[in-house]
Amino acid sequence: MRTALIFPGQGAQRAGMLSALPDHAAVHTTRAEAAEVLGQDWRELESNDALAGARAAQLALLIAGVATARLLAAEGAAIDVVLGQSVGAFPAAVAAGCLSFADALTLVRGRASHMAGLYPSGFGMVAIVGLRASRVAEIVTEGAAVGPLYVSNYNGPLQTVISGYDAALALAAEAALAAGARKVERLQVATPSHCRLLAPVAEELRGILHGIALQPPRIAYASASRARLISDPAAIAEDLAANVAEPVRWHDAAGLLVERGVELFLQAPPGTVLSDLVSEAHPALRSVALDGLSLDSALYLARGEGRSG
């Protein structure tokens with residue numbers, strides 16, 4: 001493996017993200033296909049107001065990820081492995097050839113709607129930077145005394161995300177700062193993702209996926225919640241269903257790909273959060289966000305034309 005395409009999860013969305021994608025036939029086709037399946041103009045998904053909700057945010061991330069993967073494939077860029085964070089697992093599965101785009105749209109629409117309906121208010125997620133995960137886990141145990149609270153994302157050695165009840169999050173944020181955290185930030189996510197509070201969503205997705213025939217991956221598929229490669233279609237289906245209720249082990253998953261020989265990480269739009277995490281953990285490797293690059297520059301990188309050896 002040499003090149004990985006990585007897909008961000010909810011929180012990376014921003015207004016105009018679908019309009020900002022490159023002017024390419026694969027992008028136009030993907031947006032049009034999404035509009036037909038969803039029964040609405042794709043532009044309705046990318047406003048600030050729309051992206052404040054889980055449905056538009058997750059669908060827009062899916063569309064952007066699939067459009068990027070299709071563009072790269074159409075232009076002959078060789079992608080060896082895909083890895084998605086949270087809802088990013090769905091465009092990863094489409095890019096790998098496991099799941100149709102139409103089925104992914106249906107699944108993500110249901111996933112997001114159920115997530116929003118389950119916890120409409122009073123819950124969320126907070127990122128903690130500067131403390132080791134073991135210390136954050138201790139803080140979470142203390143904060144859980146006032147309400148549900150869990151470690152939800154292991155993003156890096158010194159970056160962890162927690163999910164839960166607002167009062168418990170506030171208490172944990174104060175404790176983290178007192179313990180020496182460099183930064184504590186409330187994420188643009190209103191749902192306490194990647195913990196057992198989302199088990200009902202995972203169960204609903206299992207039911208939907210039971211009626212969908214996934215295919216073996218044509219491109220290697222890596223799981224961010226299990227930090228391993230998965231090739232069995234049934235196991236990939238379970239990964240897609242369960243990841244909403246399981247912690248994200250991003251640091252371990254990216255490390256696995258490095259061990260397998262990945263030299264270049266390309267982050268699909270929008271944002272730079274995942275490419276930044278990889279760069280911080282593996283500074284000797286190239287990790288680049290495609291967001292904002294010209295089409296020619298993106299293809300230059302994706303085709304490996306800028307690499308030696």
# chains A, B, ... in the order shown; residues from 1 in each chain; ligands from 1
$ residues_around --residues "range 178-194 of chain A" --least-positions-apart "3" --cutoff "7 Å" --atoms "only C-alpha atoms" --output "list in words"
Gln10, Gly11, Met115, Ala116, Tyr119, Ser121, Phe123, Gly124, Met125, Val126, Ala127, Ile128, Val129, Gly130, Leu131, Ser152, Ser163, Gly164, Ala173, Glu174, Ala175, Leu198, Asn243, Val244, Ala245, Glu246, Pro247 and Val248 of chain A
$ residues_around --residues "Glu263 in chain A" --least-positions-apart "5" --cutoff "8 Å" --atoms "only C-alpha atoms" --output "list in words"
Met1, Arg2, Thr3, Val258, Leu285 and Arg286 of chain A
$ closest_residue --among "A:Val151, A:Ala298, A:Leu51, A:Val81" --to "Ala133 in chain A" --atoms "only C-alpha atoms"
A:Val151
$ atom_distance --atom1 "CA of Arg249 in chain A" --atom2 "CA of Arg14 in chain A"
24.1 Å
$ residues_around --residues "range 271-278 of chain A" --least-positions-apart "2" --cutoff "6 Å" --atoms "only C-alpha atoms" --output "PyMOL selection string"
chain A and resi 12+267+269+280-282+287-289
$ residues_around --residues "Ile79 in chain A" --least-positions-apart "2" --cutoff "9 Å" --atoms "only C-alpha atoms" --output "ChimeraX atom specification"
/A:1-5,69,72-73,77,81-82,219-220,302-303
$ write_last_selection --atoms "N, CA and C atoms" --output "mmCIF file, in the first residue's frame"
data_model
loop_
_atom_site.group_PDB
_atom_site.id
_atom_site.type_symbol
_atom_site.label_atom_id
_atom_site.label_comp_id
_atom_site.auth_asym_id
_atom_site.auth_seq_id
_atom_site.Cartn_x
_atom_site.Cartn_y
_atom_site.Cartn_z
ATOM 1 N N MET A 1 0.839 -1.201 0.000
ATOM 2 C CA MET A 1 0.000 0.000 0.000
ATOM 3 C C MET A 1 0.874 1.251 0.000
ATOM 4 N N ARG A 2 0.463 2.232 -0.810
ATOM 5 C CA ARG A 2 1.213 3.483 -0.825
ATOM 6 C C ARG A 2 0.334 4.689 -0.528
ATOM 7 N N THR A 3 -0.899 4.694 -1.034
ATOM 8 C CA THR A 3 -1.743 5.881 -0.904
ATOM 9 C C THR A 3 -3.066 5.533 -0.224
ATOM 10 N N ALA A 4 -3.416 6.335 0.779
ATOM 11 C CA ALA A 4 -4.688 6.179 1.480
ATOM 12 C C ALA A 4 -5.550 7.406 1.231
ATOM 13 N N LEU A 5 -6.830 7.184 0.993
ATOM 14 C CA LEU A 5 -7.803 8.267 0.904
ATOM 15 C C LEU A 5 -8.633 8.227 2.175
ATOM 16 N N ALA A 69 -13.664 10.697 -4.442
ATOM 17 C CA ALA A 69 -13.152 9.376 -4.811
ATOM 18 C C ALA A 69 -13.397 9.083 -6.284
ATOM 19 N N LEU A 72 -10.967 11.142 -8.492
ATOM 20 C CA LEU A 72 -9.618 10.583 -8.496
ATOM 21 C C LEU A 72 -9.553 9.325 -9.357
ATOM 22 N N ALA A 73 -10.580 8.462 -9.243
ATOM 23 C CA ALA A 73 -10.609 7.240 -10.048
ATOM 24 C C ALA A 73 -10.698 7.564 -11.530
ATOM 25 N N ALA A 77 -5.886 8.196 -10.660
ATOM 26 C CA ALA A 77 -5.124 8.211 -9.409
ATOM 27 C C ALA A 77 -5.322 6.886 -8.687
ATOM 28 N N VAL A 81 -5.990 2.176 -0.293
ATOM 29 C CA VAL A 81 -6.786 1.865 0.895
ATOM 30 C C VAL A 81 -7.617 3.082 1.249
ATOM 31 N N VAL A 82 -8.811 2.840 1.793
ATOM 32 C CA VAL A 82 -9.689 3.923 2.242
ATOM 33 C C VAL A 82 -9.956 3.768 3.731
ATOM 34 N N ILE A 219 -10.927 -1.998 -3.323
ATOM 35 C CA ILE A 219 -9.845 -1.247 -2.690
ATOM 36 C C ILE A 219 -9.896 -1.601 -1.210
ATOM 37 N N ALA A 220 -8.757 -1.755 -0.580
ATOM 38 C CA ALA A 220 -8.736 -2.160 0.823
ATOM 39 C C ALA A 220 -9.535 -1.184 1.690
ATOM 40 N N ALA A 302 -2.177 13.070 -6.047
ATOM 41 C CA ALA A 302 -2.837 11.779 -5.998
ATOM 42 C C ALA A 302 -2.193 10.745 -6.915
ATOM 43 N N ARG A 303 -1.637 11.206 -8.028
ATOM 44 C CA ARG A 303 -0.977 10.276 -8.951
ATOM 45 C C ARG A 303 0.446 9.948 -8.527
#
$ select_by_dssp --residues "range 148-209 of chain A" --states "strand (DSSP E or B)" --output "NGL selection string"
:A and (149-156 or 159-165 or 183-186)
$ write_last_selection --atoms "N, CA, C and O atoms" --output "PDB file, in the first residue's frame"
ATOM      1  N   LEU A 149     -21.376  10.044  30.397  1.00  0.00           N
ATOM      2  CA  LEU A 149     -20.174  10.637  29.826  1.00  0.00           C
ATOM      3  C   LEU A 149     -19.235   9.512  29.411  1.00  0.00           C
ATOM      4  O   LEU A 149     -19.025   8.563  30.181  1.00  0.00           O
ATOM      5  N   TYR A 150     -18.664   9.627  28.209  1.00  0.00           N
ATOM      6  CA  TYR A 150     -17.832   8.557  27.664  1.00  0.00           C
ATOM      7  C   TYR A 150     -16.673   9.136  26.866  1.00  0.00           C
ATOM      8  O   TYR A 150     -16.770  10.226  26.306  1.00  0.00           O
ATOM      9  N   VAL A 151     -15.570   8.374  26.785  1.00  0.00           N
ATOM     10  CA  VAL A 151     -14.513   8.679  25.827  1.00  0.00           C
ATOM     11  C   VAL A 151     -14.982   8.150  24.482  1.00  0.00           C
ATOM     12  O   VAL A 151     -15.350   6.983  24.353  1.00  0.00           O
ATOM     13  N   SER A 152     -14.976   9.021  23.449  1.00  0.00           N
ATOM     14  CA  SER A 152     -15.558   8.623  22.173  1.00  0.00           C
ATOM     15  C   SER A 152     -14.575   8.593  21.011  1.00  0.00           C
ATOM     16  O   SER A 152     -14.798   7.868  20.046  1.00  0.00           O
ATOM     17  N   ASN A 153     -13.517   9.378  21.051  1.00  0.00           N
ATOM     18  CA  ASN A 153     -12.561   9.417  19.944  1.00  0.00           C
ATOM     19  C   ASN A 153     -11.132   9.472  20.482  1.00  0.00           C
ATOM     20  O   ASN A 153     -10.798  10.381  21.250  1.00  0.00           O
ATOM     21  N   TYR A 154     -10.322   8.521  20.054  1.00  0.00           N
ATOM     22  CA  TYR A 154      -8.895   8.534  20.358  1.00  0.00           C
ATOM     23  C   TYR A 154      -8.182   9.040  19.106  1.00  0.00           C
ATOM     24  O   TYR A 154      -7.737   8.268  18.261  1.00  0.00           O
ATOM     25  N   ASN A 155      -8.087  10.353  18.969  1.00  0.00           N
ATOM     26  CA  ASN A 155      -7.575  10.954  17.740  1.00  0.00           C
ATOM     27  C   ASN A 155      -6.055  10.981  17.660  1.00  0.00           C
ATOM     28  O   ASN A 155      -5.476  10.953  16.582  1.00  0.00           O
ATOM     29  N   GLY A 156      -5.400  11.085  18.795  1.00  0.00           N
ATOM     30  CA  GLY A 156      -3.951  11.149  18.835  1.00  0.00           C
ATOM     31  C   GLY A 156      -3.468  10.946  20.252  1.00  0.00           C
ATOM     32  O   GLY A 156      -4.275  10.886  21.186  1.00  0.00           O
ATOM     33  N   GLN A 159      -4.808  13.965  21.990  1.00  0.00           N
ATOM     34  CA  GLN A 159      -6.086  14.523  21.547  1.00  0.00           C
ATOM     35  C   GLN A 159      -7.183  13.469  21.663  1.00  0.00           C
ATOM     36  O   GLN A 159      -7.123  12.428  21.005  1.00  0.00           O
ATOM     37  N   THR A 160      -8.140  13.765  22.520  1.00  0.00           N
ATOM     38  CA  THR A 160      -9.224  12.838  22.811  1.00  0.00           C
ATOM     39  C   THR A 160     -10.540  13.595  22.778  1.00  0.00           C
ATOM     40  O   THR A 160     -10.595  14.770  23.149  1.00  0.00           O
ATOM     41  N   VAL A 161     -11.597  12.924  22.342  1.00  0.00           N
ATOM     42  CA  VAL A 161     -12.927  13.517  22.333  1.00  0.00           C
ATOM     43  C   VAL A 161     -13.820  12.745  23.289  1.00  0.00           C
ATOM     44  O   VAL A 161     -13.738  11.521  23.383  1.00  0.00           O
ATOM     45  N   ILE A 162     -14.659  13.480  24.000  1.00  0.00           N
ATOM     46  CA  ILE A 162     -15.599  12.855  24.924  1.00  0.00           C
ATOM     47  C   ILE A 162     -17.029  13.209  24.510  1.00  0.00           C
ATOM     48  O   ILE A 162     -17.272  14.248  23.896  1.00  0.00           O
ATOM     49  N   SER A 163     -17.964  12.345  24.856  1.00  0.00           N
ATOM     50  CA  SER A 163     -19.365  12.526  24.485  1.00  0.00           C
ATOM     51  C   SER A 163     -20.248  12.329  25.708  1.00  0.00           C
ATOM     52  O   SER A 163     -19.944  11.519  26.583  1.00  0.00           O
ATOM     53  N   GLY A 164     -21.361  13.083  25.733  1.00  0.00           N
ATOM     54  CA  GLY A 164     -22.295  12.854  26.817  1.00  0.00           C
ATOM     55  C   GLY A 164     -23.207  14.024  27.119  1.00  0.00           C
ATOM     56  O   GLY A 164     -23.446  14.892  26.274  1.00  0.00           O
ATOM     57  N   TYR A 165     -23.686  14.029  28.345  1.00  0.00           N
ATOM     58  CA  TYR A 165     -24.644  15.000  28.849  1.00  0.00           C
ATOM     59  C   TYR A 165     -23.958  16.347  29.078  1.00  0.00           C
ATOM     60  O   TYR A 165     -22.812  16.412  29.533  1.00  0.00           O
ATOM     61  N   LYS A 183      -6.145  22.841  25.321  1.00  0.00           N
ATOM     62  CA  LYS A 183      -7.341  23.328  24.643  1.00  0.00           C
ATOM     63  C   LYS A 183      -8.512  22.408  24.930  1.00  0.00           C
ATOM     64  O   LYS A 183      -8.368  21.185  24.969  1.00  0.00           O
ATOM     65  N   VAL A 184      -9.669  23.010  25.147  1.00  0.00           N
ATOM     66  CA  VAL A 184     -10.920  22.262  25.296  1.00  0.00           C
ATOM     67  C   VAL A 184     -11.934  22.932  24.391  1.00  0.00           C
ATOM     68  O   VAL A 184     -12.161  24.139  24.501  1.00  0.00           O
ATOM     69  N   GLU A 185     -12.522  22.179  23.475  1.00  0.00           N
ATOM     70  CA  GLU A 185     -13.397  22.776  22.463  1.00  0.00           C
ATOM     71  C   GLU A 185     -14.683  21.973  22.275  1.00  0.00           C
ATOM     72  O   GLU A 185     -14.640  20.754  22.065  1.00  0.00           O
ATOM     73  N   ARG A 186     -15.806  22.664  22.359  1.00  0.00           N
ATOM     74  CA  ARG A 186     -17.093  22.038  22.053  1.00  0.00           C
ATOM     75  C   ARG A 186     -17.194  21.862  20.532  1.00  0.00           C
ATOM     76  O   ARG A 186     -16.959  22.794  19.772  1.00  0.00           O
TER      77      ARG A 186
END
$ residues_around --residues "Phe101 in chain A" --least-positions-apart "3" --cutoff "8 Å" --atoms "only C-alpha atoms" --output "number ranges by chain"
A: 66, 91, 94, 104-105
$ select_by_dssp --residues "range 51-296 of chain A" --states "helix (DSSP H, G or I)" --output "PyMOL selection string"
chain A and resi 51+54-74+86-96+101-118+133-143+166-178+196-209+233-245+250-259+273-281+295-296
$ write_last_selection --atoms "C-alpha atoms" --output "short mmCIF file (atom, residue, chain, number, x, y, z; two decimals), in the first residue's frame"
data_model
loop_
_atom_site.label_atom_id
_atom_site.label_comp_id
_atom_site.auth_asym_id
_atom_site.auth_seq_id
_atom_site.Cartn_x
_atom_site.Cartn_y
_atom_site.Cartn_z
CA LEU A 51 -25.49 22.04 8.16
CA ALA A 54 -27.10 16.08 11.50
CA ARG A 55 -29.05 15.10 8.37
CA ALA A 56 -27.63 17.73 6.02
CA ALA A 57 -24.15 17.59 7.56
CA GLN A 58 -23.77 13.83 7.21
CA LEU A 59 -25.28 13.70 3.73
CA ALA A 60 -23.06 16.54 2.52
CA LEU A 61 -19.97 14.77 3.87
CA LEU A 62 -21.03 11.57 2.11
CA ILE A 63 -21.58 13.37 -1.20
CA ALA A 64 -18.28 15.25 -0.98
CA GLY A 65 -16.37 12.08 -0.17
CA VAL A 66 -17.89 10.01 -2.96
CA ALA A 67 -17.45 12.83 -5.49
CA THR A 68 -13.76 13.12 -4.56
CA ALA A 69 -13.15 9.38 -4.81
CA ARG A 70 -14.89 9.20 -8.19
CA LEU A 71 -12.92 12.17 -9.50
CA LEU A 72 -9.62 10.58 -8.50
CA ALA A 73 -10.61 7.24 -10.05
CA ALA A 74 -11.71 8.91 -13.27
CA SER A 86 -17.49 8.10 11.76
CA VAL A 87 -19.91 8.87 8.89
CA GLY A 88 -16.80 9.00 6.71
CA ALA A 89 -16.90 5.20 6.74
CA PHE A 90 -19.83 5.35 4.30
CA PRO A 91 -18.04 7.20 1.46
CA ALA A 92 -15.07 4.93 2.20
CA ALA A 93 -17.26 1.87 1.64
CA VAL A 94 -18.62 3.35 -1.60
CA ALA A 95 -15.12 4.18 -2.80
CA ALA A 96 -13.97 0.64 -1.97
CA PHE A 101 -23.93 5.30 -3.50
CA ALA A 102 -27.73 5.11 -3.52
CA ASP A 103 -27.74 2.67 -0.60
CA ALA A 104 -25.21 4.82 1.26
CA LEU A 105 -27.46 7.88 0.86
CA THR A 106 -30.41 5.96 2.27
CA LEU A 107 -28.38 4.61 5.18
CA VAL A 108 -26.82 7.95 6.10
CA ARG A 109 -30.13 9.77 5.86
CA GLY A 110 -31.68 7.27 8.29
CA ARG A 111 -28.60 7.27 10.53
CA ALA A 112 -28.56 11.05 10.89
CA SER A 113 -32.30 11.38 11.39
CA HIS A 114 -32.33 8.76 14.13
CA MET A 115 -29.33 10.33 15.83
CA ALA A 116 -30.96 13.76 15.86
CA GLY A 117 -34.28 12.41 17.10
CA LEU A 118 -32.72 10.34 19.88
CA ALA A 133 -6.17 9.39 26.96
CA SER A 134 -5.62 7.64 30.29
CA ARG A 135 -5.95 10.97 32.13
CA VAL A 136 -9.03 11.89 30.11
CA ALA A 137 -10.56 8.54 31.02
CA GLU A 138 -10.10 9.37 34.71
CA ILE A 139 -11.77 12.74 34.18
CA VAL A 140 -14.65 11.06 32.36
CA THR A 141 -15.16 8.66 35.26
CA GLU A 142 -15.42 11.61 37.63
CA GLY A 143 -17.71 13.61 35.34
CA ASP A 166 -24.05 18.76 28.80
CA ALA A 167 -23.54 19.15 32.55
CA ALA A 168 -21.08 16.25 32.61
CA LEU A 169 -19.23 17.68 29.60
CA ALA A 170 -18.92 21.06 31.31
CA LEU A 171 -17.56 19.47 34.47
CA ALA A 172 -15.07 17.39 32.50
CA ALA A 173 -13.95 20.42 30.47
CA GLU A 174 -13.16 22.34 33.66
CA ALA A 175 -11.31 19.36 35.09
CA ALA A 176 -9.31 18.92 31.88
CA LEU A 177 -8.16 22.54 31.90
CA ALA A 178 -7.24 22.26 35.56
CA ARG A 196 -23.33 3.32 24.05
CA LEU A 197 -25.94 6.10 24.06
CA LEU A 198 -26.16 5.59 20.28
CA ALA A 199 -26.74 1.82 20.47
CA PRO A 200 -30.36 2.19 19.20
CA VAL A 201 -29.06 3.84 16.03
CA ALA A 202 -26.61 1.01 15.44
CA GLU A 203 -29.39 -1.53 15.87
CA GLU A 204 -31.61 0.27 13.37
CA LEU A 205 -28.78 0.37 10.83
CA ARG A 206 -28.19 -3.36 11.28
CA GLY A 207 -31.80 -3.94 10.31
CA ILE A 208 -31.49 -1.83 7.17
CA LEU A 209 -28.14 -3.34 6.18
CA PRO A 233 -18.74 -7.90 3.33
CA ALA A 234 -20.73 -8.95 6.40
CA ALA A 235 -18.02 -7.57 8.68
CA ILE A 236 -17.96 -4.31 6.73
CA ALA A 237 -21.75 -4.05 7.11
CA GLU A 238 -21.39 -4.52 10.85
CA ASP A 239 -18.64 -1.90 10.95
CA LEU A 240 -20.90 0.61 9.17
CA ALA A 241 -23.77 -0.09 11.55
CA ALA A 242 -21.83 -0.24 14.79
CA ASN A 243 -19.35 2.62 14.42
CA VAL A 244 -21.88 5.22 15.58
CA ALA A 245 -21.96 3.57 19.01
CA TRP A 250 -8.25 7.07 14.62
CA HIS A 251 -4.67 7.18 15.84
CA ASP A 252 -4.40 3.39 15.87
CA ALA A 253 -6.11 3.04 12.49
CA ALA A 254 -3.80 5.54 10.81
CA GLY A 255 -0.83 3.86 12.48
CA LEU A 256 -1.94 0.51 11.06
CA LEU A 257 -1.87 1.93 7.55
CA VAL A 258 1.59 3.37 8.11
CA GLU A 259 2.75 -0.09 9.21
CA VAL A 273 -8.61 17.81 10.52
CA LEU A 274 -7.64 14.24 9.61
CA SER A 275 -4.63 15.15 7.50
CA ASP A 276 -3.43 17.35 10.37
CA LEU A 277 -3.76 14.46 12.83
CA VAL A 278 -1.73 12.19 10.55
CA SER A 279 0.94 14.86 10.04
CA GLU A 280 1.26 15.40 13.77
CA ALA A 281 1.61 11.70 14.52
CA LEU A 295 -7.70 20.17 -9.64
CA ASP A 296 -4.28 19.95 -11.29
#
$ atom_distance --atom1 "CA of Leu299 in chain A" --atom2 "CA of Ala32 in chain A"
22.8 Å
$ closest_residue --among "A:Gly211, A:Pro270, A:Gly292, A:Pro217" --to "Gln13 in chain A" --atoms "only C-alpha atoms"
A:Pro270
